[in-house]
>>> print(open('upload-v5.txt').read())   # compact mmCIF, C-alpha atoms
# COMPACT_ATOMS: atom_id res chain seq x y z
CA MET U 1 34.27 45.01 1.22
CA GLN U 2 33.97 41.22 1.01
CA PRO U 3 31.26 39.68 3.21
CA SER U 4 32.58 37.55 6.09
CA ASN U 5 31.92 33.80 6.33
CA ASP U 6 29.33 34.43 9.07
CA GLN U 7 27.45 36.83 6.84
CA LEU U 8 27.52 34.28 3.99
CA SER U 9 26.22 31.38 6.11
CA ASP U 10 22.56 32.33 5.51
CA LYS U 11 23.17 33.16 1.88
CA LYS U 12 23.52 31.30 -1.39
CA PRO U 13 25.13 32.38 -4.66
CA CYS U 14 22.83 33.41 -7.52
CA ILE U 15 22.80 30.61 -10.10
CA HIS U 16 23.16 33.22 -12.89
CA CYS U 17 25.64 35.87 -11.65
CA GLY U 18 27.08 34.42 -8.41
CA ASN U 19 25.91 37.38 -6.27
CA ALA U 20 25.32 36.38 -2.61
CA ILE U 21 21.55 36.31 -2.01
CA SER U 22 19.28 35.18 0.83
CA LEU U 23 18.52 31.44 0.99
CA THR U 24 14.80 32.19 0.59
CA SER U 25 15.19 34.49 -2.44
CA ARG U 26 13.35 33.38 -5.55
CA PHE U 27 15.11 35.99 -7.71
CA CYS U 28 18.54 37.62 -7.57
CA ASN U 29 18.42 41.24 -6.35
CA ALA U 30 21.31 42.18 -8.68
CA CYS U 31 20.58 40.45 -12.02
CA GLY U 32 16.89 39.49 -11.58
CA GLY U 33 17.59 35.86 -12.53
CA LYS U 34 15.10 33.22 -11.26
CA GLN U 35 16.58 30.75 -8.73
CA THR U 36 14.89 27.58 -10.02
CA ASN U 37 17.47 24.99 -8.84
CA GLY U 38 15.71 22.42 -11.05
CA ASP U 39 12.40 22.59 -9.12
CA ASP U 40 10.40 22.22 -12.34
CA ALA U 41 12.30 19.09 -13.35
CA VAL U 42 11.70 17.62 -9.87
CA ILE U 43 7.95 18.29 -10.09
CA ASP U 44 7.70 16.90 -13.64
CA ASN U 45 9.51 13.79 -12.40
CA LYS U 46 6.89 13.22 -9.70
CA TRP U 47 4.23 11.95 -12.09
CA ALA U 48 6.76 9.51 -13.61
CA ARG U 49 7.63 8.31 -10.07
CA ILE U 50 3.95 7.75 -9.26
CA GLN U 51 3.44 5.80 -12.50
CA GLU U 52 6.43 3.63 -11.66
CA ALA U 53 5.11 2.98 -8.13
CA GLY U 54 1.71 2.23 -9.69
CA LEU U 55 3.28 -0.37 -11.96
CA PHE U 56 5.01 -2.02 -8.98
CA TYR U 57 1.76 -2.14 -7.02
CA ALA U 58 -0.32 -3.36 -9.97
CA VAL U 59 2.08 -6.28 -10.51
CA ILE U 60 1.90 -7.16 -6.79
CA ILE U 61 -1.93 -6.98 -6.82
CA VAL U 62 -2.20 -9.32 -9.81
CA LEU U 63 0.29 -11.82 -8.36
CA CYS U 64 -1.35 -11.83 -4.91
CA ALA U 65 -4.85 -12.14 -6.39
CA LEU U 66 -3.80 -15.04 -8.65
CA ALA U 67 -2.00 -16.83 -5.81
CA ASN U 68 -4.87 -16.39 -3.34
CA PHE U 69 -8.02 -16.72 -5.41
CA ILE U 70 -7.34 -19.19 -8.23
CA ALA U 71 -7.85 -22.74 -6.96
CA GLN U 72 -5.38 -24.28 -9.48
CA PHE U 73 -2.55 -22.16 -8.06
CA GLN U 74 -3.01 -23.32 -4.47
CA THR U 75 -0.34 -26.02 -4.65
CA LEU U 76 3.16 -26.05 -3.15
CA GLY U 77 4.78 -25.74 -6.59
CA TRP U 78 2.70 -22.73 -7.60
CA SER U 79 3.13 -21.13 -4.16
CA LEU U 80 6.90 -21.40 -4.60
CA PHE U 81 6.59 -19.94 -8.10
CA PHE U 82 4.55 -16.92 -6.89
CA ALA U 83 6.82 -16.37 -3.89
CA GLY U 84 9.78 -16.38 -6.27
CA VAL U 85 8.15 -13.96 -8.72
CA LEU U 86 7.15 -11.59 -5.89
CA ALA U 87 10.73 -11.68 -4.60
CA ILE U 88 12.11 -10.93 -8.09
CA VAL U 89 9.66 -8.03 -8.53
CA SER U 90 10.67 -6.48 -5.18
CA ILE U 91 14.39 -6.92 -5.88
CA SER U 92 14.06 -5.52 -9.42
CA PHE U 93 12.23 -2.35 -8.40
CA PHE U 94 14.54 -1.84 -5.42
CA ALA U 95 17.62 -2.32 -7.59
CA TYR U 96 16.28 0.00 -10.32
CA HIS U 97 17.08 2.93 -7.99
CA TRP U 98 20.08 1.21 -6.46
CA ALA U 99 22.13 4.39 -5.98
CA GLY U 100 19.45 5.94 -3.75
CA ASN U 101 18.26 2.73 -2.07
CA LYS U 102 21.47 0.85 -1.26
CA ARG U 103 22.08 2.78 1.96
CA LEU U 104 18.89 1.20 3.38
CA LEU U 105 20.64 -2.17 3.31
CA ALA U 106 23.41 -0.88 5.52
CA TRP U 107 23.09 -1.22 9.29
CA PRO U 108 25.00 1.87 10.46
CA GLU U 109 24.27 1.82 14.21
CA PHE U 110 23.64 -1.80 15.04
CA SER U 111 22.42 -2.33 18.58
CA PHE U 112 21.66 -5.83 19.85
CA GLN U 113 19.56 -4.47 22.75
CA LYS U 114 17.50 -2.38 20.38
CA LEU U 115 17.01 -5.35 18.05
CA CYS U 116 15.83 -7.49 20.98
CA ALA U 117 13.48 -4.74 22.15
CA TYR U 118 11.92 -4.34 18.68
CA CYS U 119 11.54 -8.11 18.27
CA PHE U 120 9.92 -8.35 21.71
CA ILE U 121 7.43 -5.62 20.74
CA ALA U 122 6.70 -7.55 17.52
CA ILE U 123 6.09 -10.82 19.40
CA ILE U 124 3.81 -9.15 21.98
CA GLY U 125 1.95 -7.37 19.18
CA SER U 126 1.51 -10.60 17.26
CA VAL U 127 0.15 -12.44 20.34
CA PHE U 128 -2.40 -9.63 20.83
CA VAL U 129 -3.37 -9.71 17.13
CA GLN U 130 -3.77 -13.50 17.12
CA TYR U 131 -6.18 -13.40 20.06
CA ALA U 132 -8.05 -10.38 18.66
CA VAL U 133 -8.40 -11.92 15.18
CA GLY U 134 -9.45 -15.23 16.72
CA TRP U 135 -12.16 -13.46 18.72
CA LEU U 136 -13.35 -11.49 15.65
CA ASN U 137 -13.47 -14.65 13.52
CA VAL U 138 -15.56 -16.48 16.08
CA THR U 139 -17.81 -13.47 16.74
CA PHE U 140 -18.46 -12.22 13.20
CA TYR U 141 -17.59 -15.12 10.93
CA SER U 142 -18.66 -18.06 13.13
CA ARG U 143 -15.38 -19.83 12.37
CA GLN U 144 -12.14 -20.71 14.07
CA GLN U 145 -8.73 -19.25 13.35
CA GLU U 146 -6.76 -21.02 10.59
CA ASN U 147 -5.55 -24.19 12.26
CA LEU U 148 -2.55 -26.09 10.90
CA THR U 149 -1.98 -28.47 13.81
CA ALA U 150 -1.83 -31.32 11.24
CA LEU U 151 1.62 -30.01 10.28
CA LYS U 152 2.89 -30.23 13.86
CA GLY U 153 5.70 -32.77 14.08
CA ASN U 154 6.10 -32.81 10.29
CA PHE U 155 9.53 -31.17 10.00
CA TRP U 156 9.33 -30.19 6.33
CA GLY U 157 5.73 -29.04 6.73
CA GLU U 158 6.80 -26.71 9.52
CA VAL U 159 9.82 -25.49 7.53
CA ILE U 160 7.62 -24.72 4.50
CA LEU U 161 5.09 -22.89 6.67
CA VAL U 162 7.77 -20.75 8.32
CA PHE U 163 9.37 -20.11 4.91
CA PHE U 164 6.12 -18.89 3.30
CA VAL U 165 4.61 -17.08 6.28
CA ALA U 166 7.64 -15.67 8.08
CA VAL U 167 10.84 -15.64 6.00
CA MET U 168 9.70 -14.57 2.53
CA PRO U 169 7.27 -11.78 3.60
CA ALA U 170 9.73 -10.42 6.16
CA ILE U 171 12.49 -9.96 3.59
CA PHE U 172 10.66 -9.14 0.39
CA GLU U 173 7.70 -7.14 1.73
CA GLU U 174 10.18 -4.96 3.60
CA LEU U 175 12.36 -4.63 0.52
CA GLY U 176 9.36 -3.84 -1.70
CA PHE U 177 7.28 -1.61 0.59
CA ARG U 178 9.56 0.00 3.20
CA GLY U 179 12.46 -0.19 0.74
CA TYR U 180 11.42 0.63 -2.80
CA LEU U 181 7.90 2.09 -2.40
CA LEU U 182 8.53 4.34 0.61
CA GLN U 183 11.78 5.63 -0.85
CA ASN U 184 10.08 6.30 -4.18
CA LEU U 185 7.11 8.10 -2.61
CA LEU U 186 9.46 10.32 -0.60
CA LYS U 187 10.39 11.86 -3.95
CA VAL U 188 6.70 12.62 -4.56
CA ALA U 189 5.25 13.61 -1.18
CA ASP U 190 6.39 14.71 2.26
CA ALA U 191 7.53 12.06 4.78
CA GLN U 192 4.18 11.93 6.59
CA GLN U 193 2.15 11.33 3.42
CA ALA U 194 4.71 8.88 2.00
CA LEU U 195 4.60 6.86 5.23
CA PHE U 196 0.79 6.84 5.26
CA ILE U 197 0.50 5.78 1.60
CA THR U 198 3.06 2.99 2.00
CA SER U 199 1.39 1.69 5.17
CA PHE U 200 -2.10 1.83 3.69
CA LEU U 201 -1.03 0.10 0.47
CA PHE U 202 0.82 -2.55 2.48
CA ALA U 203 -2.27 -3.15 4.62
CA ILE U 204 -4.78 -3.47 1.76
CA ILE U 205 -2.56 -5.77 -0.33
CA HIS U 206 -3.30 -8.46 2.30
CA MET U 207 -6.87 -8.36 0.90
CA SER U 208 -8.53 -8.80 4.28
CA PHE U 209 -10.48 -5.68 5.19
CA LEU U 210 -11.28 -6.90 8.70
CA SER U 211 -7.52 -7.09 9.36
CA LEU U 212 -6.96 -3.42 8.54
CA PHE U 213 -7.35 -2.60 12.25
CA TRP U 214 -3.96 -4.18 13.00
CA LEU U 215 -2.27 -4.12 9.58
CA ILE U 216 -2.26 -0.32 9.29
CA PRO U 217 -0.73 0.34 12.77
CA PHE U 218 1.78 -2.49 12.22
CA ALA U 219 2.82 -1.03 8.85
CA LEU U 220 3.04 2.48 10.33
CA LEU U 221 5.28 1.15 13.11
CA LEU U 222 7.58 -0.63 10.63
CA GLY U 223 7.72 2.51 8.47
CA TYR U 224 8.45 4.71 11.48
CA ILE U 225 11.30 2.42 12.58
CA ARG U 226 12.68 2.41 9.05
CA PHE U 227 12.72 6.25 9.18
CA LYS U 228 14.14 6.42 12.69
CA GLU U 229 16.87 3.85 12.22
CA LYS U 230 17.61 4.56 8.52
CA THR U 231 17.86 0.85 7.80
CA LEU U 232 15.51 -1.92 6.66
CA TRP U 233 16.98 -4.56 8.94
CA TYR U 234 15.17 -3.80 12.20
CA GLY U 235 11.92 -3.95 10.22
CA VAL U 236 12.88 -7.25 8.58
CA PHE U 237 13.55 -8.86 11.99
CA MET U 238 10.37 -7.39 13.52
CA HIS U 239 8.31 -8.59 10.58
CA PHE U 240 9.88 -12.04 10.81
CA PHE U 241 9.19 -12.43 14.54
CA PHE U 242 5.66 -11.07 14.16
CA ASN U 243 4.85 -13.63 11.45
CA PHE U 244 6.83 -16.40 13.15
CA THR U 245 4.68 -15.97 16.27
CA ALA U 246 1.61 -16.25 14.03
CA CYS U 247 3.06 -19.53 12.63
CA MET U 248 3.44 -20.87 16.17
CA PHE U 249 -0.20 -20.05 16.88
CA MET U 250 -1.29 -21.83 13.69
CA LEU U 251 0.75 -24.93 14.53
CA SER U 252 -0.33 -25.08 18.14
CA GLY U 253 -3.99 -24.45 17.31
CA LEU U 254 -4.33 -21.78 19.98
CA MET K 1 8.88 55.70 -8.49
CA GLU K 2 6.52 55.70 -5.57
CA ASN K 3 7.16 53.04 -2.96
CA LYS K 4 4.25 51.75 -0.90
CA THR K 5 4.80 51.80 2.84
CA ALA K 6 3.60 49.35 5.46
CA PRO K 7 1.00 50.67 7.88
CA SER K 8 3.57 50.61 10.69
CA THR K 9 5.50 53.43 12.29
CA GLU K 10 8.79 52.61 10.51
CA ASN K 11 9.28 53.28 6.80
CA VAL K 12 9.73 50.02 4.89
CA LEU K 13 10.46 49.88 1.16
CA ARG K 14 8.10 47.56 -0.71
CA CYS K 15 8.15 46.12 -4.22
CA ASP K 16 5.59 47.65 -6.62
CA GLY K 17 5.04 44.23 -8.22
CA CYS K 18 4.25 42.06 -5.16
CA PHE K 19 4.51 44.45 -2.14
CA THR K 20 7.21 42.32 -0.50
CA GLU K 21 9.69 44.18 1.71
CA ILE K 22 12.85 45.07 -0.23
CA GLY K 23 16.32 46.45 0.54
CA THR K 24 17.43 49.91 -0.56
CA ASP K 25 20.22 48.45 -2.71
CA TYR K 26 18.00 46.01 -4.60
CA ILE K 27 17.94 46.32 -8.40
CA TYR K 28 15.36 43.52 -8.70
CA CYS K 29 12.77 42.25 -6.20
CA THR K 30 13.95 38.96 -4.67
CA ASN K 31 10.39 37.59 -4.49
CA CYS K 32 8.90 38.37 -7.93
CA GLY K 33 11.83 39.69 -10.03
CA TYR K 34 10.28 43.17 -10.53
CA PRO K 35 12.92 45.59 -11.93
CA ILE K 36 12.91 48.08 -9.03
CA LYS K 37 15.54 50.34 -10.59
CA GLY K 38 14.52 49.65 -14.20
CA THR K 39 13.06 52.18 -16.62
CA ALA K 40 9.32 52.92 -16.62
CA ALA K 41 8.99 50.89 -19.86
CA GLU K 42 10.73 47.86 -18.29
CA GLN K 43 8.52 48.07 -15.22
CA ALA K 44 5.33 48.39 -17.31
CA LYS K 45 6.38 45.39 -19.45
CA PHE K 46 7.03 43.32 -16.30
CA ILE K 47 3.63 44.17 -14.78
CA SER K 48 1.83 43.40 -18.05
CA GLN K 49 3.61 40.01 -18.34
CA LYS K 50 2.92 39.25 -14.67
CA ASN K 51 -0.78 40.03 -15.09
CA ARG K 52 -0.95 37.74 -18.14
CA ILE K 53 0.71 34.93 -16.17
CA ASP K 54 -1.59 35.56 -13.21
CA VAL K 55 -4.70 35.17 -15.39
CA THR K 56 -3.36 31.90 -16.89
CA ALA K 57 -2.43 30.65 -13.42
CA VAL K 58 -5.90 31.45 -12.08
CA GLU K 59 -7.54 29.57 -14.97
CA LEU K 60 -5.18 26.63 -14.54
CA THR K 61 -5.71 26.60 -10.77
CA GLN K 62 -9.49 26.58 -11.27
CA ARG K 63 -9.25 23.65 -13.69
CA VAL K 64 -6.94 21.71 -11.38
CA ASN K 65 -9.08 22.45 -8.31
CA LYS K 66 -12.12 21.18 -10.21
CA SER K 67 -10.35 17.85 -10.78
CA ILE K 68 -9.32 17.67 -7.13
CA ASN K 69 -12.88 18.38 -5.96
CA LYS K 70 -14.24 15.78 -8.37
CA ALA K 71 -11.82 13.14 -7.04
CA GLY K 72 -12.69 14.12 -3.44
CA ARG K 73 -16.40 13.76 -4.17
CA THR K 74 -15.72 10.38 -5.81
CA LEU K 75 -14.32 9.13 -2.48
CA TYR K 76 -17.52 10.25 -0.71
CA TYR K 77 -19.71 8.61 -3.39
CA LEU K 78 -17.76 5.37 -2.98
CA SER K 79 -18.26 5.57 0.77
CA GLY K 80 -22.00 6.00 0.28
CA LEU K 81 -22.14 3.16 -2.25
CA PHE K 82 -20.39 0.69 0.05
CA ILE K 83 -22.46 1.62 3.09
CA LEU K 84 -25.63 1.29 0.98
CA GLY K 85 -24.34 -2.05 -0.35
CA GLY K 86 -23.80 -3.21 3.23
CA ILE K 87 -27.33 -2.25 4.25
CA ILE K 88 -28.86 -3.98 1.19
CA ALA K 89 -26.73 -7.09 1.84
CA PHE K 90 -27.88 -7.13 5.47
CA PHE K 91 -31.58 -7.16 4.56
CA LYS K 92 -31.03 -9.68 1.77
CA LEU K 93 -29.08 -12.12 3.95
CA LYS K 94 -30.44 -11.38 7.42
CA ASP K 95 -31.40 -15.03 8.00
CA ASP K 96 -28.02 -16.31 6.83
CA PRO K 97 -25.65 -17.16 9.76
CA ASP K 98 -22.75 -15.59 7.83
CA VAL K 99 -24.54 -12.28 7.23
CA LEU K 100 -21.94 -10.31 9.20
CA ALA K 101 -19.12 -11.82 7.14
CA VAL K 102 -20.67 -10.11 4.10
CA VAL K 103 -21.91 -6.88 5.69
CA ILE K 104 -18.85 -5.95 7.77
CA PRO K 105 -16.37 -5.68 4.86
CA TYR K 106 -18.87 -3.41 3.06
CA LEU K 107 -19.15 -1.18 6.13
CA ILE K 108 -15.38 -1.14 6.68
CA LEU K 109 -14.88 -0.05 3.06
CA GLY K 110 -17.57 2.60 3.46
CA VAL K 111 -15.88 4.03 6.57
CA VAL K 112 -12.40 3.89 5.01
CA PHE K 113 -13.55 5.76 1.88
CA LEU K 114 -15.37 8.29 4.08
CA LEU K 115 -12.18 8.93 6.08
CA LEU K 116 -10.13 9.21 2.89
CA GLY K 117 -12.64 11.69 1.48
CA GLU K 118 -12.54 13.74 4.67
CA TYR K 119 -8.73 13.80 4.94
CA SER K 120 -8.30 14.43 1.19
CA LYS K 121 -8.78 18.15 1.89
CA LYS K 122 -5.62 18.15 3.99
CA HIS K 123 -3.53 15.32 2.53
CA THR K 124 -4.80 15.28 -1.04
CA LEU K 125 -2.17 13.14 -2.70
CA ALA K 126 -2.02 10.48 0.04
CA CYS K 127 -5.81 10.07 0.14
CA PHE K 128 -6.28 9.91 -3.64
CA ILE K 129 -3.50 7.34 -4.11
CA SER K 130 -4.83 5.25 -1.20
CA GLY K 131 -8.42 5.53 -2.46
CA LEU K 132 -7.47 4.53 -5.99
CA CYS K 133 -5.46 1.50 -4.85
CA LEU K 134 -8.21 0.36 -2.49
CA TYR K 135 -10.85 0.69 -5.19
CA VAL K 136 -8.70 -1.22 -7.70
CA ILE K 137 -8.13 -4.05 -5.19
CA VAL K 138 -11.87 -4.26 -4.43
CA GLN K 139 -12.62 -4.46 -8.17
CA VAL K 140 -9.93 -7.10 -8.74
CA LEU K 141 -11.35 -9.21 -5.89
CA ASP K 142 -14.85 -8.74 -7.29
CA LEU K 143 -13.66 -9.71 -10.77
CA PHE K 144 -12.19 -12.95 -9.44
CA GLN K 145 -15.50 -13.81 -7.77
CA ASN K 146 -17.83 -12.58 -10.53
CA PRO K 147 -15.93 -12.61 -13.83
CA ASP K 148 -19.02 -11.54 -15.85
CA LEU K 149 -18.53 -7.79 -16.08
CA ASN K 150 -21.18 -5.96 -18.11
CA LEU K 151 -20.52 -2.84 -20.16
CA ILE K 152 -22.26 -0.41 -17.78
CA SER K 153 -20.28 -1.67 -14.78
CA PHE K 154 -17.09 -1.44 -16.82
CA VAL K 155 -17.82 2.18 -17.80
CA ILE K 156 -18.64 3.16 -14.18
CA ILE K 157 -15.44 1.51 -12.88
CA ALA K 158 -13.37 3.21 -15.60
CA LEU K 159 -14.93 6.60 -14.76
CA ILE K 160 -14.22 6.25 -11.02
CA ILE K 161 -10.62 5.18 -11.68
CA GLY K 162 -10.27 8.04 -14.19
CA PHE K 163 -11.52 10.67 -11.70
CA LEU K 164 -9.11 9.42 -9.03
CA ILE K 165 -6.14 9.36 -11.44
CA MET K 166 -6.98 12.91 -12.57
CA GLY K 167 -7.15 13.89 -8.89
CA ILE K 168 -3.64 12.50 -8.27
CA LYS K 169 -2.31 14.31 -11.35
CA SER K 170 -3.97 17.54 -10.27
CA ALA K 171 -2.58 17.28 -6.73
CA ILE K 172 0.91 17.29 -8.27
CA GLU K 173 -0.01 19.98 -10.82
CA ILE K 174 -1.26 22.41 -8.16
CA GLU K 175 2.13 22.28 -6.46
CA LYS K 176 3.79 23.13 -9.79
CA ILE K 177 1.44 26.09 -10.35
CA LYS K 178 2.11 27.37 -6.84
CA LYS K 179 5.88 27.17 -7.32
CA HIS K 180 5.70 28.86 -10.74
CA ASN K 181 3.64 31.72 -9.37
CA ASN K 182 5.33 32.14 -6.02
CA ILE K 183 2.23 31.09 -4.06
CA SER K 184 3.15 29.56 -0.73
>>> encode(input="upload-v5.txt", output="structure tokens")
Amino acid sequence: MQPSNDQLSDKKPCIHCGNAISLTSRFCNACGGKQTNGDDAVIDNKWARIQEAGLFYAVIIVLCALANFIAQFQTLGWSLFFAGVLAIVSISFFAYHWAGNKRLLAWPEFSFQKLCAYCFIAIIGSVFVQYAVGWLNVTFYSRQQENLTALKGNFWGEVILVFFVAVMPAIFEELGFRGYLLQNLLKVADAQQALFITSFLFAIIHMSFLSLFWLIPFALLLGYIRFKEKTLWYGVFMHFFFNFTACMFMLSGL
Amino acid sequence: MENKTAPSTENVLRCDGCFTEIGTDYIYCTNCGYPIKGTAAEQAKFISQKNRIDVTAVELTQRVNKSINKAGRTLYYLSGLFILGGIIAFFKLKDDPDVLAVVIPYLILGVVFLLLGEYSKKHTLACFISGLCLYVIVQVLDLFQNPDLNLISFVIIALIIGFLIMGIKSAIEIEKIKKHNNIS
């Protein structure tokens, strides 16, 4: 007697003889064949995935360290160069796994209200962080928050500041970290661990250990939204408004 | 062939290879592949092969666990080193107005490595990858500030990075061993 469709719903065919076996079976009860389903290949591939993610992160570390700590590179021209290289690195790694990553660039269930709500949360969060960091700087470092009021009224100065602080990081950090890195690590670890690693790596790449208190929760929030909404775009807008608020604080000298 | 029974009131057929519950119509066990209706020679061969694999798996697991423990301990050592560094820096610079600017990052790193070491028992891979990346960043920053790296420092840094990389590799390896040997 042939099994009905209902009976087959919790079964799978043996990969060797086609006999219907339980979904949890490791071996077929009729032919004894092992039901590997390519598990070994997946596990062997994990180390290669980690090495690839390591290469991505190593390149980012070197570029960020050069841009931030070598005095000769602290000019507008060099800043543009490093921003460009960082963007190319993020795009290249993201595009390397284009087939698996491209869906993150889609915006399947766009909601304007949701976008506004996320951006509002980002702005409020940024205001809180600016005051908290300002207080910490004064308390522990005896210095004021970075003040760029000299740029106020200088149109191109303001445009360049917004470009470097808000636009570029919002697009390319999201593409690199919540796009490429998180997606890659999901092939290596479970969602919880992949989210933690991505957020931690994102936080420490800013090379300010005092700022970890807000960078890690911020990165976890962006990662969570990327998981929940299955798109990078909400994160890009949140990141932009978070950093844009920071720009406004720098320009106003608050 | 004698089937072992569960210590319950109902009679349940169990595999002689792994003692998993089996159906009456099974020719092979669905958990370990034991030939339930095979000849005595086939069953003996299966058990002998399984025992050989089990011994190899145990040895491999021990080796891999050793690497994982070593990497876990490395995170604790790093925590201790940074906290100690912070304390030394505090006493060296206690009259400097910017003493906290030097001491606090040391203490933050100490606490972060301590947390990573603690959570590495539960989330091994995540903590080892995070610990390795953090350590590399700290060393890169240090290298930019003090480019004169002596041989001893270089060897110590290479050893720490090596232990953490081996820990990451072992965290993946242990999963492979578990899958190969049907350990959940």
>>> residues_around(input="upload-v5.txt", residues="Ala53 (chain U)", least_positions_apart="4", cutoff="12 Å", atoms="only C-alpha atoms", output="PyMOL selection string")
(chain U and resi 46-49+57-60+89-90+93-94+96-97+176-177+179-188+194+197-198+201) or (chain K and resi 129+133)
>>> residues_around(input="upload-v5.txt", residues="region 168-175 of chain U", least_positions_apart="6", cutoff="7 Å", atoms="only C-alpha atoms", output="PyMOL selection string")
chain U and resi 87+90+94+232+235-236+239-240
>>> interface_residues(input="upload-v5.txt", of="chain U", to="chain K", cutoff="6 Å", atoms="all atoms listed in the file", output="list in words")
Ser25, Arg26, Phe27, Cys28, Asn29, Ala30, Gly32, Phe140, Tyr141, Gln193, Ile197 and Phe209 of chain U
>>> write_last_selection(input="upload-v5.txt", atoms="C-alpha atoms", output="tab-separated table (two decimals), in the coordinates of the input")
chain	number	residue	atom	x	y	z
U	25	SER	CA	15.19	34.49	-2.44
U	26	ARG	CA	13.35	33.38	-5.55
U	27	PHE	CA	15.11	35.99	-7.71
U	28	CYS	CA	18.54	37.62	-7.57
U	29	ASN	CA	18.42	41.24	-6.35
U	30	ALA	CA	21.31	42.18	-8.68
U	32	GLY	CA	16.89	39.49	-11.58
U	140	PHE	CA	-18.46	-12.22	13.20
U	141	TYR	CA	-17.59	-15.12	10.93
U	193	GLN	CA	2.15	11.33	3.42
U	197	ILE	CA	0.50	5.78	1.60
U	209	PHE	CA	-10.48	-5.68	5.19
>>> atom_distance(input="upload-v5.txt", atom1="CA of Met238 (chain U)", atom2="CA of Ser208 (chain U)")
21.1 Å
>>> closest_residue(input="upload-v5.txt", among="U:Ala83, U:Ile50, U:Met250, U:Ile15", to="Phe163 (chain U)", atoms="all atoms listed in the file")
U:Ala83
>>> atom_distance(input="upload-v5.txt", atom1="CA of Phe227 (chain U)", atom2="CA of Ala117 (chain U)")
17.0 Å
>>> atom_distance(input="upload-v5.txt", atom1="CA of Val62 (chain U)", atom2="CA of Asp142 (chain K)")
12.9 Å
>>> residues_around(input="upload-v5.txt", residues="Gly80 (chain K)", least_positions_apart="3", cutoff="8 Å", atoms="all atoms listed in the file", output="PyMOL selection string")
chain K and resi 76-77+83-84+110+114
>>> residues_near_point(input="upload-v5.txt", point="(0.5, -23.6, -4.9)", cutoff="12 Å", atoms="all atoms listed in the file", output="list in words")
Cys64, Leu66, Ala67, Asn68, Phe69, Ile70, Ala71, Gln72, Phe73, Gln74, Thr75, Leu76, Gly77, Trp78, Ser79, Leu80, Phe81, Phe82, Ala83, Gly84, Ile160 and Phe164 of chain U
>>> decode(input="upload-v5.txt", residues="region 62-101 of chain U", atoms="C-alpha atoms", output="compact mmCIF listing (two decimals), in the first residue's frame")
# COMPACT_ATOMS: atom_id res chain seq x y z
CA VAL U 62 44.69 48.45 7.72
CA LEU U 63 42.79 51.11 5.76
CA CYS U 64 41.15 52.58 8.89
CA ALA U 65 44.43 52.57 10.82
CA LEU U 66 46.30 54.27 7.96
CA ALA U 67 43.57 56.88 7.49
CA ASN U 68 43.28 57.65 11.21
CA PHE U 69 46.81 57.40 12.54
CA ILE U 70 49.21 58.52 9.81
CA ALA U 71 49.50 62.31 9.86
CA GLN U 72 50.36 62.56 6.11
CA PHE U 73 47.04 60.94 5.21
CA GLN U 74 44.90 63.43 7.12
CA THR U 75 44.18 65.64 4.10
CA LEU U 76 40.98 65.98 2.08
CA GLY U 77 42.54 64.23 -0.93
CA TRP U 78 43.72 61.23 1.08
CA SER U 79 40.44 61.07 3.00
CA LEU U 80 38.60 60.85 -0.33
CA PHE U 81 41.05 58.18 -1.49
CA PHE U 82 40.52 56.04 1.65
CA ALA U 83 36.75 56.51 1.56
CA GLY U 84 36.80 55.37 -2.07
CA VAL U 85 38.97 52.32 -1.34
CA LEU U 86 36.78 51.33 1.64
CA ALA U 87 33.70 51.63 -0.59
CA ILE U 88 35.33 49.48 -3.30
CA VAL U 89 36.33 46.83 -0.73
CA SER U 90 32.77 46.64 0.66
CA ILE U 91 31.21 46.48 -2.81
CA SER U 92 33.71 43.84 -4.00
CA PHE U 93 33.17 41.47 -1.08
CA PHE U 94 29.40 41.98 -1.22
CA ALA U 95 29.35 41.34 -4.97
CA TYR U 96 31.58 38.25 -4.65
CA HIS U 97 28.56 36.40 -3.22
CA TRP U 98 26.08 38.34 -5.33
CA ALA U 99 23.64 35.45 -5.79
CA GLY U 100 23.12 35.10 -2.03
CA ASN U 101 23.42 38.79 -1.13
